[in-house]
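What follows is final_0.tsv (TSV, C-alpha atoms and all ligand atoms).
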chain	number	residue	atom	x	y	z
A	1	MET	CA	-168.07	13.59	35.07
A	2	SER	CA	-169.36	10.15	34.03
A	3	GLU	CA	-167.84	8.25	31.10
A	4	GLN	CA	-171.05	8.68	29.13
A	5	SER	CA	-171.26	12.47	29.59
A	6	THR	CA	-167.54	12.76	28.78
A	7	SER	CA	-168.08	11.00	25.48
A	8	THR	CA	-171.15	13.16	24.74
A	9	ALA	CA	-169.06	16.28	25.38
A	10	LYS	CA	-166.34	14.82	23.12
A	11	LYS	CA	-168.82	14.24	20.28
A	12	GLN	CA	-170.23	17.78	20.58
A	13	ASN	CA	-166.71	19.23	20.59
A	14	GLU	CA	-165.64	17.14	17.61
A	15	SER	CA	-168.44	18.46	15.41
A	16	ASN	CA	-167.88	22.02	16.57
A	17	PRO	CA	-164.23	22.38	17.62
A	18	LEU	CA	-163.29	25.56	19.45
A	19	VAL	CA	-159.52	25.06	19.18
A	20	GLY	CA	-157.60	24.34	16.01
A	21	ILE	CA	-154.20	22.70	16.44
A	22	ILE	CA	-152.07	22.84	13.31
A	23	MET	CA	-148.45	21.96	12.65
A	24	GLY	CA	-146.07	22.22	9.74
A	25	SER	CA	-145.36	18.52	9.44
A	26	GLU	CA	-146.39	15.15	10.81
A	27	SER	CA	-142.91	15.08	12.35
A	28	ASP	CA	-144.15	17.79	14.77
A	29	LEU	CA	-146.94	15.54	16.08
A	30	GLU	CA	-144.92	13.90	18.85
A	31	ILE	CA	-144.59	17.35	20.49
A	32	MET	CA	-147.86	18.91	19.32
A	33	LYS	CA	-150.09	16.09	20.56
A	34	GLY	CA	-149.27	17.46	24.04
A	35	ALA	CA	-151.58	20.41	23.31
A	36	ALA	CA	-154.45	18.07	22.44
A	37	GLU	CA	-153.82	15.95	25.52
A	38	MET	CA	-153.97	19.00	27.80
A	39	LEU	CA	-157.16	20.30	26.18
A	40	ARG	CA	-158.79	16.89	26.60
A	41	GLN	CA	-158.07	17.11	30.33
A	42	PHE	CA	-160.39	20.14	30.34
A	43	GLU	CA	-162.87	18.29	28.14
A	44	VAL	CA	-162.16	20.44	25.11
A	45	GLU	CA	-161.81	18.27	22.01
A	46	PRO	CA	-159.68	20.18	19.47
A	47	GLU	CA	-159.34	19.57	15.78
A	48	LEU	CA	-155.80	18.73	14.70
A	49	THR	CA	-154.23	18.72	11.26
A	50	ILE	CA	-151.13	19.46	9.19
A	51	VAL	CA	-150.81	22.85	7.47
A	52	SER	CA	-147.41	23.71	6.04
A	53	ALA	CA	-146.54	27.35	5.48
A	54	HIS	CA	-143.95	26.49	2.85
A	55	ARG	CA	-145.29	23.30	1.26
A	56	THR	CA	-149.02	24.17	1.26
A	57	PRO	CA	-149.20	27.99	1.29
A	58	GLU	CA	-152.72	28.06	-0.16
A	59	ARG	CA	-153.99	25.60	2.46
A	60	LEU	CA	-152.47	27.82	5.14
A	61	ARG	CA	-154.30	30.91	3.88
A	62	ASP	CA	-157.52	28.98	3.45
A	63	TYR	CA	-157.32	27.51	6.98
A	64	ALA	CA	-156.57	30.88	8.58
A	65	ILE	CA	-159.24	32.78	6.65
A	66	LYS	CA	-162.02	30.23	7.30
A	67	ALA	CA	-161.20	29.36	10.94
A	68	LYS	CA	-163.30	32.09	12.60
A	69	ALA	CA	-166.40	31.42	10.50
A	70	ARG	CA	-166.07	27.69	11.32
A	71	GLY	CA	-166.37	28.54	15.02
A	72	ILE	CA	-162.72	28.17	16.00
A	73	LYS	CA	-161.84	30.54	18.87
A	74	VAL	CA	-158.11	29.90	19.29
A	75	ILE	CA	-155.47	28.51	16.95
A	76	ILE	CA	-152.40	26.67	18.24
A	77	ALA	CA	-149.73	26.50	15.56
A	78	GLY	CA	-146.47	24.60	15.91
A	79	ALA	CA	-143.48	24.47	13.60
A	80	GLY	CA	-139.72	24.10	13.66
A	81	GLY	CA	-136.69	25.56	11.92
A	82	ALA	CA	-137.79	28.41	9.65
A	83	ALA	CA	-141.05	28.32	11.55
A	84	HIS	CA	-143.29	30.68	9.59
A	85	LEU	CA	-146.61	28.88	10.18
A	86	PRO	CA	-147.81	30.66	13.36
A	87	GLY	CA	-146.90	34.12	12.08
A	88	MET	CA	-148.48	33.62	8.68
A	89	VAL	CA	-151.66	32.24	10.24
A	90	ALA	CA	-151.77	35.28	12.55
A	91	ALA	CA	-151.35	37.50	9.49
A	92	ASN	CA	-154.55	36.05	8.02
A	93	THR	CA	-156.93	35.95	11.00
A	94	ILE	CA	-158.02	38.04	13.98
A	95	LEU	CA	-158.25	34.90	16.15
A	96	PRO	CA	-155.62	34.60	18.88
A	97	VAL	CA	-152.73	32.45	17.68
A	98	ILE	CA	-150.53	30.56	20.12
A	99	GLY	CA	-147.20	29.60	18.59
A	100	VAL	CA	-145.25	26.50	19.60
A	101	PRO	CA	-141.59	26.47	18.56
A	102	VAL	CA	-140.61	22.87	17.85
A	103	LYS	CA	-137.04	21.61	18.04
A	104	SER	CA	-137.36	19.74	14.74
A	105	SER	CA	-134.93	17.74	12.60
A	106	ASN	CA	-134.15	20.87	10.54
A	107	SER	CA	-133.72	23.08	13.60
A	108	ILE	CA	-130.11	23.99	14.46
A	109	ASP	CA	-130.58	24.22	18.23
A	110	GLY	CA	-134.18	25.33	18.76
A	111	TRP	CA	-133.37	29.03	18.77
A	112	ASP	CA	-134.21	29.28	15.05
A	113	SER	CA	-137.73	27.88	15.69
A	114	MET	CA	-138.07	30.06	18.81
A	115	LEU	CA	-137.06	33.35	17.22
A	116	SER	CA	-138.99	32.73	13.97
A	117	ILE	CA	-142.19	32.59	16.05
A	118	LEU	CA	-141.31	35.05	18.81
A	119	GLN	CA	-139.98	38.01	16.86
A	120	MET	CA	-143.21	39.04	15.15
A	121	PRO	CA	-143.47	42.59	13.82
A	122	TYR	CA	-145.69	45.14	15.54
A	123	GLY	CA	-149.34	44.65	14.62
A	124	VAL	CA	-149.32	40.86	14.22
A	125	PRO	CA	-148.91	39.18	17.63
A	126	VAL	CA	-148.29	35.49	18.22
A	127	ALA	CA	-148.42	34.31	21.84
A	128	THR	CA	-145.26	32.22	21.89
A	129	VAL	CA	-144.74	29.45	24.44
A	130	ALA	CA	-141.47	27.72	25.35
A	131	LEU	CA	-139.53	25.44	23.02
A	132	ASN	CA	-141.61	22.26	22.61
A	133	GLY	CA	-144.13	23.89	25.00
A	134	ALA	CA	-147.23	22.41	23.37
A	135	LYS	CA	-148.76	21.41	26.72
A	136	ASN	CA	-148.69	25.00	27.93
A	137	ALA	CA	-150.22	26.06	24.61
A	138	GLY	CA	-153.12	23.71	25.37
A	139	ILE	CA	-153.56	25.18	28.85
A	140	LEU	CA	-153.39	28.73	27.52
A	141	ALA	CA	-156.03	27.96	24.90
A	142	ALA	CA	-158.28	26.51	27.63
A	143	GLN	CA	-157.73	29.67	29.70
A	144	ILE	CA	-158.86	31.83	26.78
A	145	LEU	CA	-162.00	29.70	26.33
A	146	ALA	CA	-162.61	29.81	30.10
A	147	LEU	CA	-163.22	33.56	29.92
A	148	HIS	CA	-166.67	32.67	28.56
A	149	ASP	CA	-167.10	29.12	29.81
A	150	THR	CA	-167.57	28.45	33.51
A	151	SER	CA	-167.27	24.69	33.07
A	152	ILE	CA	-163.76	24.98	31.59
A	153	ALA	CA	-162.90	27.61	34.23
A	154	GLY	CA	-163.88	25.15	36.97
A	155	LYS	CA	-161.62	22.47	35.47
A	156	LEU	CA	-158.73	24.94	35.29
A	157	GLU	CA	-159.24	25.81	38.97
A	158	ALA	CA	-159.13	22.10	39.82
A	159	TYR	CA	-155.95	21.73	37.77
A	160	LYS	CA	-154.31	24.55	39.76
A	161	GLU	CA	-155.25	22.82	43.00
A	162	TYR	CA	-153.86	19.54	41.67
A	163	GLN	CA	-150.52	21.23	40.90
A	164	ASP	CA	-150.49	22.68	44.42
A	165	ASP	CA	-151.10	19.21	45.88
A	166	ILE	CA	-148.23	17.71	43.85
A	167	VAL	CA	-145.76	20.36	45.06
A	168	MET	CA	-146.90	20.02	48.68
A	169	GLU	CA	-146.34	16.28	48.42
A	170	SER	CA	-142.76	17.03	47.27
A	171	VAL	CA	-142.35	19.38	50.24
A	172	LYS	CA	-143.17	16.44	52.53
A	173	ASN	CA	-140.84	14.13	50.57
A	174	VAL	CA	-137.76	16.35	50.95
A	175	LYS	CA	-138.60	16.82	54.64
A	176	ARG	CA	-138.68	13.01	55.02
A	177	LEU	CA	-135.23	12.91	53.41
A	178	GLY	CA	-133.98	14.92	56.38
A	179	TYR	CA	-133.77	18.44	54.96
A	180	THR	CA	-134.89	21.13	57.40
A	181	ASN	CA	-137.24	23.97	56.48
A	182	GLU	CA	-137.87	26.92	58.79
A	183	PHE	CA	-140.50	28.40	56.48
A	184	ASP	CA	-143.12	25.67	56.97
A	185	LYS	CA	-142.70	25.45	60.75
B	1	LIG	C1	-141.16	22.67	9.54
B	1	LIG	O1	-140.07	21.90	9.17
B	1	LIG	C2	-142.08	21.66	10.18
B	1	LIG	O2	-142.95	22.34	11.06
B	1	LIG	C3	-141.16	20.75	10.90
B	1	LIG	O3	-140.94	21.19	12.24
B	1	LIG	C4	-139.87	20.89	10.12
B	1	LIG	C5	-139.40	19.63	9.48
B	1	LIG	O4	-140.41	19.10	8.66
B	1	LIG	P1	-140.22	17.67	7.95
B	1	LIG	O5	-139.08	17.81	7.01
B	1	LIG	O6	-139.95	16.68	9.05
B	1	LIG	O7	-141.52	17.40	7.24
B	1	LIG	O8	-141.78	23.28	8.46

What does this structure look like when you write it as structure tokens?
Amino acid sequence: MSEQSTSTAKKQNESNPLVGIIMGSESDLEIMKGAAEMLRQFEVEPELTIVSAHRTPERLRDYAIKAKARGIKVIIAGAGGAAHLPGMVAANTILPVIGVPVKSSNSIDGWDSMLSILQMPYGVPVATVALNGAKNAGILAAQILALHDTSIAGKLEAYKEYQDDIVMESVKNVKRLGYTNEFDK
């Protein structure tokens, strides 16, 4: 895609974002920006902001309740420690919510963030990715959008092929280092 058409797509996306990325604190941004970076690879420009479950509970409810009517299709929510943001957003919307457990400054070892997001009660699912797994959250959001968007689907296919190429290059590298491999003979 040319630079000009990329920027046109970006502008259209910006005024009508399909993915909302939210996080409990600006301190989560270093990890959570990975979701935005991945989505941009598929030419999906997300919106991104801070929504704290504990410090701004009314903003959380407002964001979750209005998201669908604003045209958002998927919400990616990241938080650390007592990470209630993804679950509480999921409680207030029927949109799919992808939760990103962040190993934050107030997290003991990451398991607190992980389990706070993972162990949702029956009836209110949150699709939880790995600890600090914001990049995978971005890919998963793109995959959900791709169900109804052939252009994003095509970019995901190309990304799969790219990953294949990278691994096959590594296969050649280890062979060059002198390791034998019966399988590829
Ligand atoms: C959580 O507390 C946030 O999502 C963040 O991961 C963590 C620490 O927040 P700060 O004290 O750095 O603002 O709610």

Residues contacting ligand LIG 1 (chain B) - anything with an atom at most 6 Å away, using all atoms listed in the file - can you give me those as an mmCIF file with C-alpha atoms, keeping the file's coordinate frame?
data_model
loop_
_atom_site.group_PDB
_atom_site.id
_atom_site.type_symbol
_atom_site.label_atom_id
_atom_site.label_comp_id
_atom_site.auth_asym_id
_atom_site.auth_seq_id
_atom_site.Cartn_x
_atom_site.Cartn_y
_atom_site.Cartn_z
ATOM 1 C CA MET A 23 -148.450 21.960 12.650
ATOM 2 C CA GLY A 24 -146.070 22.220 9.740
ATOM 3 C CA SER A 25 -145.360 18.520 9.440
ATOM 4 C CA SER A 27 -142.910 15.080 12.350
ATOM 5 C CA ASP A 28 -144.150 17.790 14.770
ATOM 6 C CA ALA A 79 -143.480 24.470 13.600
ATOM 7 C CA GLY A 80 -139.720 24.100 13.660
ATOM 8 C CA GLY A 81 -136.690 25.560 11.920
ATOM 9 C CA ALA A 83 -141.050 28.320 11.550
ATOM 10 C CA VAL A 102 -140.610 22.870 17.850
ATOM 11 C CA SER A 104 -137.360 19.740 14.740
ATOM 12 C CA SER A 105 -134.930 17.740 12.600
ATOM 13 C CA ASN A 106 -134.150 20.870 10.540
#

How big is the axis-aligned box around all listed atoms of segment 100-105 of chain A once 6 Å goes on each side, and where's its centre, in Å to one decimal, as AutoDock Vina command-line options?
--center_x -140.1 --center_y 22.1 --center_z 16.1 --size_x 22.3 --size_y 20.8 --size_z 19.0

Residues near Phe42 of chain A, anyone? I mean within 8 Å using only C-alpha atoms, not counting same-chain ones fewer than 5 positions away, as a PyMOL selection string.
chain A and resi 142+152+155-156

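With atom CA of Ala137 of chain A on one side and atom CA of Pro101 of chain A on the other, the separation reads 10.5 Å.
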
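If you count all atoms listed in the file and ignore residues fewer than 5 places along the chain from Ala67 of chain A, what sits within 9 Å of it is Gly20, Asp62, Ile72, Lys73, Val74, Ile75, Thr93 and Leu95 of chain A.
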
Atom CA of Asp165 of chain A and atom CA of Leu131 of chain A, how far apart in Å?
26.4 Å

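Here atom CA of Ala82 of chain A is placed at a distance of 20.5 Å from atom CA of Gly123 of chain A.
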
Minimum-distance residue to Ala90 of chain A, chosen among A:Ile108, A:Ile144, A:Val44, A:Ala53 (using all atoms listed in the file):
A:Ala53

Counting all atoms listed in the file, which residues come within 7 Å of (-154.5, 22.0, 20.5), with the point read in the file's coordinates, and could you list them as a ChimeraX atom specification?
/A:19-21,35-36,39,46,48,76,138

For the point (-143.3, 30.8, 8.9) in the file's frame, write as a PyMOL selection string all residues with an atom no more than 12 Å away, counting all atoms listed in the file.
chain A and resi 23-24+51-57+60+77-91+99-101+112-120+126

Since the input lacks atoms, please generate N, CA and C atoms for segment 41-64 of chain A and provide them as a short mmCIF file (atom, residue, chain, number, x, y, z; two decimals), in the coordinates of the input.
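What ended up in result-v1.cif:
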data_model
loop_
_atom_site.label_atom_id
_atom_site.label_comp_id
_atom_site.auth_asym_id
_atom_site.auth_seq_id
_atom_site.Cartn_x
_atom_site.Cartn_y
_atom_site.Cartn_z
N GLN A 41 -157.93 17.13 28.86
CA GLN A 41 -158.07 17.11 30.33
C GLN A 41 -159.15 18.08 30.78
N PHE A 42 -159.36 19.15 29.99
CA PHE A 42 -160.39 20.14 30.34
C PHE A 42 -161.68 19.89 29.54
N GLU A 43 -161.73 18.70 28.97
CA GLU A 43 -162.87 18.29 28.14
C GLU A 43 -163.14 19.22 26.97
N VAL A 44 -162.07 19.67 26.37
CA VAL A 44 -162.16 20.44 25.11
C VAL A 44 -161.53 19.55 24.04
N GLU A 45 -162.34 19.13 23.08
CA GLU A 45 -161.81 18.27 22.01
C GLU A 45 -161.40 19.16 20.83
N PRO A 46 -160.10 19.30 20.56
CA PRO A 46 -159.68 20.18 19.47
C PRO A 46 -159.71 19.44 18.14
N GLU A 47 -159.66 20.21 17.05
CA GLU A 47 -159.34 19.57 15.78
C GLU A 47 -157.83 19.65 15.61
N LEU A 48 -157.26 18.77 14.85
CA LEU A 48 -155.80 18.73 14.70
C LEU A 48 -155.47 18.30 13.27
N THR A 49 -154.62 19.09 12.62
CA THR A 49 -154.23 18.72 11.26
C THR A 49 -152.87 19.31 10.89
N ILE A 50 -152.40 18.96 9.70
CA ILE A 50 -151.13 19.46 9.19
C ILE A 50 -151.41 20.59 8.20
N VAL A 51 -150.74 21.71 8.41
CA VAL A 51 -150.81 22.85 7.47
C VAL A 51 -149.38 23.38 7.35
N SER A 52 -148.80 23.27 6.19
CA SER A 52 -147.41 23.71 6.04
C SER A 52 -147.34 25.07 5.37
N ALA A 53 -146.65 25.99 6.04
CA ALA A 53 -146.54 27.35 5.48
C ALA A 53 -145.80 27.33 4.15
N HIS A 54 -144.81 26.48 4.05
CA HIS A 54 -143.95 26.49 2.85
C HIS A 54 -144.42 25.51 1.78
N ARG A 55 -144.93 24.34 2.23
CA ARG A 55 -145.29 23.30 1.26
C ARG A 55 -146.74 23.41 0.81
N THR A 56 -147.59 24.01 1.64
CA THR A 56 -149.02 24.17 1.26
C THR A 56 -149.47 25.60 1.59
N PRO A 57 -148.87 26.60 0.93
CA PRO A 57 -149.20 27.99 1.29
C PRO A 57 -150.67 28.35 1.09
N GLU A 58 -151.30 27.74 0.07
CA GLU A 58 -152.72 28.06 -0.16
C GLU A 58 -153.60 27.46 0.92
N ARG A 59 -153.22 26.24 1.36
CA ARG A 59 -153.99 25.60 2.46
C ARG A 59 -153.85 26.43 3.73
N LEU A 60 -152.68 26.97 3.95
CA LEU A 60 -152.47 27.82 5.14
C LEU A 60 -153.43 29.01 5.11
N ARG A 61 -153.46 29.71 3.98
CA ARG A 61 -154.30 30.91 3.88
C ARG A 61 -155.78 30.55 4.04
N ASP A 62 -156.15 29.46 3.39
CA ASP A 62 -157.52 28.98 3.45
C ASP A 62 -157.91 28.65 4.90
N TYR A 63 -157.04 27.93 5.59
CA TYR A 63 -157.32 27.51 6.98
C TYR A 63 -157.49 28.75 7.85
N ALA A 64 -156.55 29.69 7.72
CA ALA A 64 -156.57 30.88 8.58
C ALA A 64 -157.81 31.74 8.29
#
